[in-house]
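Q: Here's a structure for you.
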Amino acid sequence: MSSGENVLSPEYKKALENLLFQLADDDFLISFRGSEWLGLAPHIEEDVASSSISQDTMGHAAMFYTLLEDLGAGKADDLAHLREAQDRRNSVLAERVNGEGYYMETPKYDWAYAVVRNFFYTQAKKVKMDSLRQSNYKPLAETAVKVNMELYYHLLHWKTWFIQLLNSTEEAKRRMNEAIELVMKDFGDVFSYGDEKTAIDQSGLIASEDQLKEEWKSNMALPFECVAMKVPDLPEASAKNGRNGDHTEELASALTTLSEVYRLDPAAAW
Amino acid sequence: MGVKDPEIDTVSIIDLGMVEKVNVEGNNVNVVLLPTFLGCPALEIIKKNTVNAVKRLPSVGEVEVEFVFHPPWTSERITEEGHKGLRAFGIAPPPQHFEEDGSWHVDCPYCDSTYVTMENIFGPTACRSILYCKSCKNPFEAMKPVSTIM
């Protein structure tokens with residue numbers, strides 16, 4: 001797995017680790033948010049489907065954390081559970097709450113937001129995986145091939161919801177449009193490499209931010225055509241850039257919840 | 001080897017196409033496995049069962065089982081015997097090919113009817129979908145096809 005590990009230059013290794021933290025933290029947080037929907041999805045088949053997608057996505061996060069472990073960054077489980085908010089490199093979009101309320105009390109989660117966030121995010125992940133399949137770091141390229149096969153079904157799922165809801169009732173359209181606006185506000189750092197931009201661009205690990213954005217836009221053209229809408233403009237990375245460790249309060253509370261059991265006894269065998 | 005998928009006990013991991021390589025050096029055995037789906041919680045159980053099964057063999061020393069991603073596991077790796085085992089469990093084996101639009105079709109594992117509908121691409125485990133046979137009126141599952149062309 002870690003072939004060639006000894007010959008990585010310090011600059012290359014740093015860029016690689018940063019990219020892996022971005023990929024791992026993105027999938028980890030969005031699958032945590034997905035898991036909060038368990039039992040609350042619009043119908044039982046959707047509960048099965050979206051929890052299955054969250055499980056796959058958590059598996060992808062585990063793979064990226066394992067690649068980091070292979071590079072000597074620490075134990076995969078520790079990397080997932082024990083890092084503080086300011087050390088996280090996920091995009092702000094992935095950490096956002098699902099809506100008002102808490103699933104243990106009276107959650108008023110927004111399904112339109114779930115559909116739009118997941119569809120836009122999954123398409124972004126897809127263009128990254130397509131690029132990573134040609135990555136010059138072989139273990140990452142091989143992981144991307146594997147992730148990509150599962151992503152096919154995730155993308156199909158969210159795209160179907162997206163098109164159906166936007167071709168549905170007036171209320172559905174209104175709520176979907178509100179969700180698109182909300183998601184787009186947080187989309188600026190999804191394709192950002194943050195302060196590591198130059199290092200990652202020079203590494204040959206993955207395509208540039210701009211290339212990925214173009215790919216995303218061209219892949220979105222058809223689904224948006226199906227709902228007679230224009231693909232929204234992608235915002236520039238805002239001041240609050242998750243790739244640099246700038247996050248919302250929503251991340252801190254997510255981390256407290258998701259790592260509660262692990263922190264009780266990190267040495268326990270599961 | 002008698003190691004089965006813990007969730008489908010009629011199919012061995014060999015027939016699922018999960019065993020990529022077995023290396024033997026002296027008395028020590030190293031087994032290389034391919035995971036089906038990355039988030040599959042059965043992987044650790046399969047690993048443990050494989051270690052135990054190999055250890056039970058006569059004159060075996062150290063046993064190591066590892067998962068690798070290259071080559072990627074695809075549903076084409078399931079053997080003919082594996083297809084039979086899946087059907088015996090009420091699971092349609094994965095289709096051999098995709099339609100041009102990326103969709104796929106399987107027949108009912110109980111009555112072989114082609115008159116079936118897809119209820120949910122996602123099922124009780126990551127690798128399965130839920131379908132319904134309009135002929136014999138049985139719900140059934142199918143192994144999702146996965147391929148590198150997707």
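Letters A, B, ... go to the chains of the structure tokens in the order shown; residues in each chain start at 1; ligands are counted from 1 in the same order.
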Output as JSON, numbers by chain the set of chain B residues within 12 Å of chain A, with distances taken over only C-alpha atoms.
A: {"B": [32, 34, 35, 36, 37, 38, 39, 40, 41, 42, 43, 44, 45, 66, 67, 68, 69, 70, 71, 72, 73, 74, 75, 101, 102, 103, 118, 119, 120, 121, 122, 123, 124, 125, 126, 127, 128, 129, 130, 131, 144, 145, 146, 147, 148, 149, 150]}
Q: Since we have the selection now, will you write its residues out, keeping N, CA and C atoms, as a tab-separated table (two decimals), in the first residue's frame?
A:
chain	number	residue	atom	x	y	z
B	32	VAL	N	-4.55	-12.24	0.78
B	32	VAL	CA	-4.89	-10.90	0.31
B	32	VAL	C	-6.35	-10.91	-0.15
B	34	LEU	N	-10.01	-8.67	-1.25
B	34	LEU	CA	-10.52	-7.42	-1.83
B	34	LEU	C	-11.86	-7.10	-1.17
B	35	PRO	N	-12.01	-5.89	-0.59
B	35	PRO	CA	-13.31	-5.55	0.00
B	35	PRO	C	-14.35	-5.34	-1.09
B	36	THR	N	-15.59	-5.72	-0.81
B	36	THR	CA	-16.66	-5.47	-1.78
B	36	THR	C	-17.01	-3.98	-1.73
B	37	PHE	N	-17.64	-3.56	-0.63
B	37	PHE	CA	-17.94	-2.13	-0.44
B	37	PHE	C	-17.10	-1.61	0.73
B	38	LEU	N	-16.62	-0.38	0.61
B	38	LEU	CA	-15.65	0.14	1.59
B	38	LEU	C	-16.23	0.28	2.99
B	39	GLY	N	-17.53	0.61	3.07
B	39	GLY	CA	-18.12	0.83	4.39
B	39	GLY	C	-18.75	-0.44	4.97
B	40	CYS	N	-18.51	-1.57	4.34
B	40	CYS	CA	-19.18	-2.81	4.76
B	40	CYS	C	-18.70	-3.24	6.14
B	41	PRO	N	-19.62	-3.32	7.12
B	41	PRO	CA	-19.21	-3.67	8.48
B	41	PRO	C	-18.81	-5.14	8.60
B	42	ALA	N	-19.10	-5.95	7.57
B	42	ALA	CA	-18.76	-7.38	7.65
B	42	ALA	C	-17.28	-7.62	7.39
B	43	LEU	N	-16.56	-6.62	6.89
B	43	LEU	CA	-15.16	-6.85	6.49
B	43	LEU	C	-14.29	-7.35	7.63
B	44	GLU	N	-14.44	-6.74	8.79
B	44	GLU	CA	-13.61	-7.15	9.94
B	44	GLU	C	-13.94	-8.58	10.37
B	45	ILE	N	-15.24	-8.94	10.28
B	45	ILE	CA	-15.65	-10.30	10.65
B	45	ILE	C	-15.06	-11.30	9.65
B	66	GLU	N	-4.92	-9.42	4.83
B	66	GLU	CA	-4.99	-7.97	4.57
B	66	GLU	C	-5.95	-7.67	3.43
B	67	PHE	N	-6.51	-6.47	3.47
B	67	PHE	CA	-7.36	-5.99	2.39
B	67	PHE	C	-6.57	-5.04	1.50
B	68	VAL	N	-6.70	-5.19	0.19
B	68	VAL	CA	-6.11	-4.23	-0.74
B	68	VAL	C	-7.20	-3.76	-1.71
B	69	PHE	N	-6.95	-2.64	-2.39
B	69	PHE	CA	-7.98	-2.08	-3.29
B	69	PHE	C	-7.63	-2.25	-4.75
B	70	HIS	N	-6.45	-2.81	-4.98
B	70	HIS	CA	-6.07	-2.98	-6.37
B	70	HIS	C	-5.67	-4.42	-6.61
B	71	PRO	N	-6.31	-5.14	-7.52
B	71	PRO	CA	-7.40	-4.67	-8.38
B	71	PRO	C	-8.67	-4.42	-7.57
B	72	PRO	N	-9.54	-3.51	-8.04
B	72	PRO	CA	-10.79	-3.29	-7.31
B	72	PRO	C	-11.71	-4.50	-7.47
B	73	TRP	N	-12.44	-4.81	-6.39
B	73	TRP	CA	-13.46	-5.87	-6.51
B	73	TRP	C	-14.58	-5.36	-7.40
B	74	THR	N	-15.02	-6.21	-8.33
B	74	THR	CA	-16.19	-5.88	-9.14
B	74	THR	C	-17.12	-7.07	-9.07
B	75	SER	N	-18.40	-6.83	-9.40
B	75	SER	CA	-19.37	-7.92	-9.27
B	75	SER	C	-19.14	-9.02	-10.30
B	101	ASP	N	-28.03	3.18	-20.97
B	101	ASP	CA	-28.27	4.33	-20.10
B	101	ASP	C	-27.78	4.07	-18.67
B	102	GLY	N	-27.07	2.96	-18.46
B	102	GLY	CA	-26.52	2.68	-17.13
B	102	GLY	C	-27.46	1.87	-16.26
B	103	SER	N	-28.68	1.61	-16.72
B	103	SER	CA	-29.60	0.81	-15.91
B	103	SER	C	-29.30	-0.68	-16.13
B	118	MET	N	-37.96	-2.51	-9.72
B	118	MET	CA	-36.97	-2.06	-8.74
B	118	MET	C	-37.69	-1.26	-7.66
B	119	GLU	N	-37.59	-1.70	-6.43
B	119	GLU	CA	-38.21	-0.95	-5.33
B	119	GLU	C	-37.23	0.05	-4.74
B	120	ASN	N	-35.98	-0.36	-4.60
B	120	ASN	CA	-34.97	0.51	-3.99
B	120	ASN	C	-33.58	0.03	-4.41
B	121	ILE	N	-32.82	0.90	-5.04
B	121	ILE	CA	-31.46	0.52	-5.46
B	121	ILE	C	-30.63	0.16	-4.23
B	122	PHE	N	-30.95	0.81	-3.10
B	122	PHE	CA	-30.23	0.52	-1.86
B	122	PHE	C	-31.03	-0.51	-1.06
B	123	GLY	N	-30.32	-1.39	-0.37
B	123	GLY	CA	-30.99	-2.46	0.35
B	123	GLY	C	-30.50	-2.59	1.77
B	124	PRO	N	-30.73	-3.78	2.37
B	124	PRO	CA	-30.36	-3.98	3.77
B	124	PRO	C	-28.84	-3.97	4.00
B	125	THR	N	-28.06	-4.23	2.98
B	125	THR	CA	-26.60	-4.07	3.09
B	125	THR	C	-26.13	-3.29	1.88
B	126	ALA	N	-24.89	-2.78	1.98
B	126	ALA	CA	-24.37	-1.89	0.93
B	126	ALA	C	-24.39	-2.54	-0.45
B	127	CYS	N	-24.23	-3.87	-0.49
B	127	CYS	CA	-24.07	-4.52	-1.80
B	127	CYS	C	-25.38	-4.97	-2.43
B	128	ARG	N	-26.52	-4.71	-1.78
B	128	ARG	CA	-27.77	-5.27	-2.31
B	128	ARG	C	-28.84	-4.22	-2.62
B	129	SER	N	-29.73	-4.57	-3.57
B	129	SER	CA	-30.89	-3.74	-3.90
B	129	SER	C	-32.16	-4.54	-3.61
B	130	ILE	N	-33.28	-3.81	-3.49
B	130	ILE	CA	-34.55	-4.48	-3.21
B	130	ILE	C	-35.46	-4.41	-4.45
B	131	LEU	N	-35.96	-5.56	-4.88
B	131	LEU	CA	-36.84	-5.62	-6.04
B	131	LEU	C	-38.13	-6.37	-5.69
B	144	LYS	N	-25.97	-5.68	-6.26
B	144	LYS	CA	-25.75	-4.52	-7.12
B	144	LYS	C	-24.56	-4.79	-8.04
B	145	PRO	N	-24.71	-4.51	-9.31
B	145	PRO	CA	-23.51	-4.60	-10.15
B	145	PRO	C	-22.57	-3.42	-9.86
B	146	VAL	N	-21.30	-3.69	-9.69
B	146	VAL	CA	-20.33	-2.60	-9.64
B	146	VAL	C	-19.20	-2.91	-10.60
B	147	SER	N	-18.76	-1.88	-11.28
B	147	SER	CA	-17.78	-2.07	-12.33
B	147	SER	C	-16.91	-0.83	-12.43
B	148	THR	N	-15.71	-1.00	-12.94
B	148	THR	CA	-14.81	0.15	-13.07
B	148	THR	C	-15.24	1.09	-14.18
B	149	ILE	N	-16.18	0.65	-15.05
B	149	ILE	CA	-16.60	1.56	-16.13
B	149	ILE	C	-17.62	2.58	-15.65
B	150	MET	N	-18.10	2.42	-14.39
B	150	MET	CA	-19.14	3.32	-13.90
B	150	MET	C	-18.61	4.71	-13.59
Q: Run DSSP on the backbone of this structure and report the residues of chain B it assigns to strand (DSSP E), as a ChimeraX atom specification.
A: /B:4-5,8-12,19-25,28-33,63-67,91-92,116-120,128-133,139-143
Q: Given the choices A:Ala94, A:Leu140, A:Ala41, A:Ala80, which gets closest to Pro107 (chain A) if the distance is worked out from only C-alpha atoms?
A: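 The closest residue to Pro107 (chain A) is A:Ala41.
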Q: Measuring atom to atom with only C-alpha atoms, identify which of A:Phe21, A:Trp216, A:Tyr12, A:Tyr262 is nearest to Val127 (chain A).
A: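 So, comparing all the options, the nearest one is A:Trp216.
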Q: Counting only C-alpha atoms, what is within 8 Å of Val54 (chain B), bar same-chain residues fewer than 3 positions away, as a PyMOL selection string?
A: chain B and resi 29+50-51+57+60+63
Q: Taking C-alpha atoms for each residue, export the selection above as a PDB file, in the first residue's frame.
A:
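The resulting out_3.pdb:
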ATOM      1  CA  VAL B  29       0.319 -17.796   5.295  1.00  0.00           C
ATOM      2  CA  THR B  50     -10.360 -16.105   7.514  1.00  0.00           C
ATOM      3  CA  VAL B  51      -7.542 -15.972  10.048  1.00  0.00           C
ATOM      4  CA  LEU B  57      -5.319 -26.084   8.837  1.00  0.00           C
ATOM      5  CA  VAL B  60       0.176 -23.535   9.657  1.00  0.00           C
ATOM      6  CA  VAL B  63      -1.446 -16.067   9.538  1.00  0.00           C
TER       7      VAL B  63
END
Q: Could you find all residues in region 42-88 of chain A that DSSP calls alpha helix (DSSP H) from the backbone, and write them as a PyMOL selection string?
A: chain A and resi 44-70+76-81
Q: Restricted to C-alpha atoms, what would the selected residues look like written as a CSV table (one decimal), in the first residue's frame?
A:
chain,number,residue,atom,x,y,z
A,44,ILE,CA,-38.9,4.0,4.8
A,45,GLU,CA,-37.2,3.3,1.4
A,46,GLU,CA,-35.5,6.6,1.6
A,47,ASP,CA,-34.3,5.7,5.2
A,48,VAL,CA,-32.8,2.6,3.8
A,49,ALA,CA,-31.2,4.4,0.9
A,50,SER,CA,-29.8,7.4,2.6
A,51,SER,CA,-28.4,5.5,5.6
A,52,SER,CA,-26.8,3.1,3.1
A,53,ILE,CA,-25.2,6.1,1.4
A,54,SER,CA,-24.0,7.5,4.7
A,55,GLN,CA,-22.5,4.1,5.6
A,56,ASP,CA,-20.6,4.0,2.3
A,57,THR,CA,-19.4,7.6,2.8
A,58,MET,CA,-18.2,6.8,6.3
A,59,GLY,CA,-16.3,4.0,4.7
A,60,HIS,CA,-14.7,6.4,2.3
A,61,ALA,CA,-13.7,8.7,5.1
A,62,ALA,CA,-12.1,5.7,6.9
A,63,MET,CA,-10.1,4.9,3.8
A,64,PHE,CA,-8.7,8.4,3.5
A,65,TYR,CA,-7.9,8.4,7.3
A,66,THR,CA,-6.1,5.1,6.8
A,67,LEU,CA,-4.0,6.5,4.0
A,68,LEU,CA,-3.0,9.2,6.5
A,69,GLU,CA,-2.2,6.6,9.0
A,70,ASP,CA,0.0,4.8,6.5
A,76,ALA,CA,-7.1,6.5,11.7
A,77,ASP,CA,-9.7,6.3,14.5
A,78,ASP,CA,-7.9,9.0,16.5
A,79,LEU,CA,-7.7,11.3,13.4
A,80,ALA,CA,-11.4,10.9,12.9
A,81,HIS,CA,-12.5,11.4,16.5
Q: Can you tell me which residues surround Lys185 (chain A) at a distance of at most 9 Å, considering only C-alpha atoms, apart from same-chain residues fewer than 3 positions away, and format the answer as a list in words?
A: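 Counting only C-alpha atoms, the residues come to Leu93, Ile180, Glu181, Leu182, Gly188, Pro235 and Ser238 of chain A.
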Q: So how many Å separate CA of Thr10 (chain B) and CA of Asn138 (chain B), to one decimal?
A: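 Interatomic distance, CA of Thr10 (chain B) to CA of Asn138 (chain B): 19.9 Å.
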Q: Quick check, in Å to one decimal: how far apart do CA of His105 (chain B) and CA of Pro93 (chain B) lie?
A: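 According to the coordinates, CA of His105 (chain B) and CA of Pro93 (chain B) are separated by 10.5 Å.
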Q: Given only C-alpha atoms as the basis, pick out the residue of A:Glu215, A:Glu105, A:Glu236, A:Glu170 nearest to Ser131 (chain A).
A: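 The closest residue to Ser131 (chain A) is A:Glu215.
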Q: In Å, rounded to a single decimal, give me how far CA of Thr122 (chain A) is from CA of Ala15 (chain A).
A: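 Straight-line distance from CA of Ala15 (chain A) to CA of Thr122 (chain A) works out to 23.1 Å.
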Q: Write out as a PyMOL selection string the residues lying within 12 Å of Glu25 (chain B), counting only C-alpha atoms and excluding same-chain residues fewer than 3 positions away.
A: chain B and resi 22+28-31+60-64
Q: Write a file of the just-selected residues containing C-alpha atoms, as a tab-separated table (two decimals), in the first residue's frame.
A:
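What landed in part-v8.tsv:
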chain	number	residue	atom	x	y	z
B	22	VAL	CA	-2.70	-16.58	-0.95
B	28	ASN	CA	3.35	-18.78	7.31
B	29	VAL	CA	0.32	-17.80	5.30
B	30	ASN	CA	-0.63	-14.39	3.96
B	31	VAL	CA	-4.09	-13.93	2.44
B	60	VAL	CA	0.18	-23.53	9.66
B	61	GLY	CA	2.33	-20.97	11.48
B	62	GLU	CA	1.67	-17.23	11.39
B	63	VAL	CA	-1.45	-16.07	9.54
B	64	GLU	CA	-1.90	-12.60	8.14
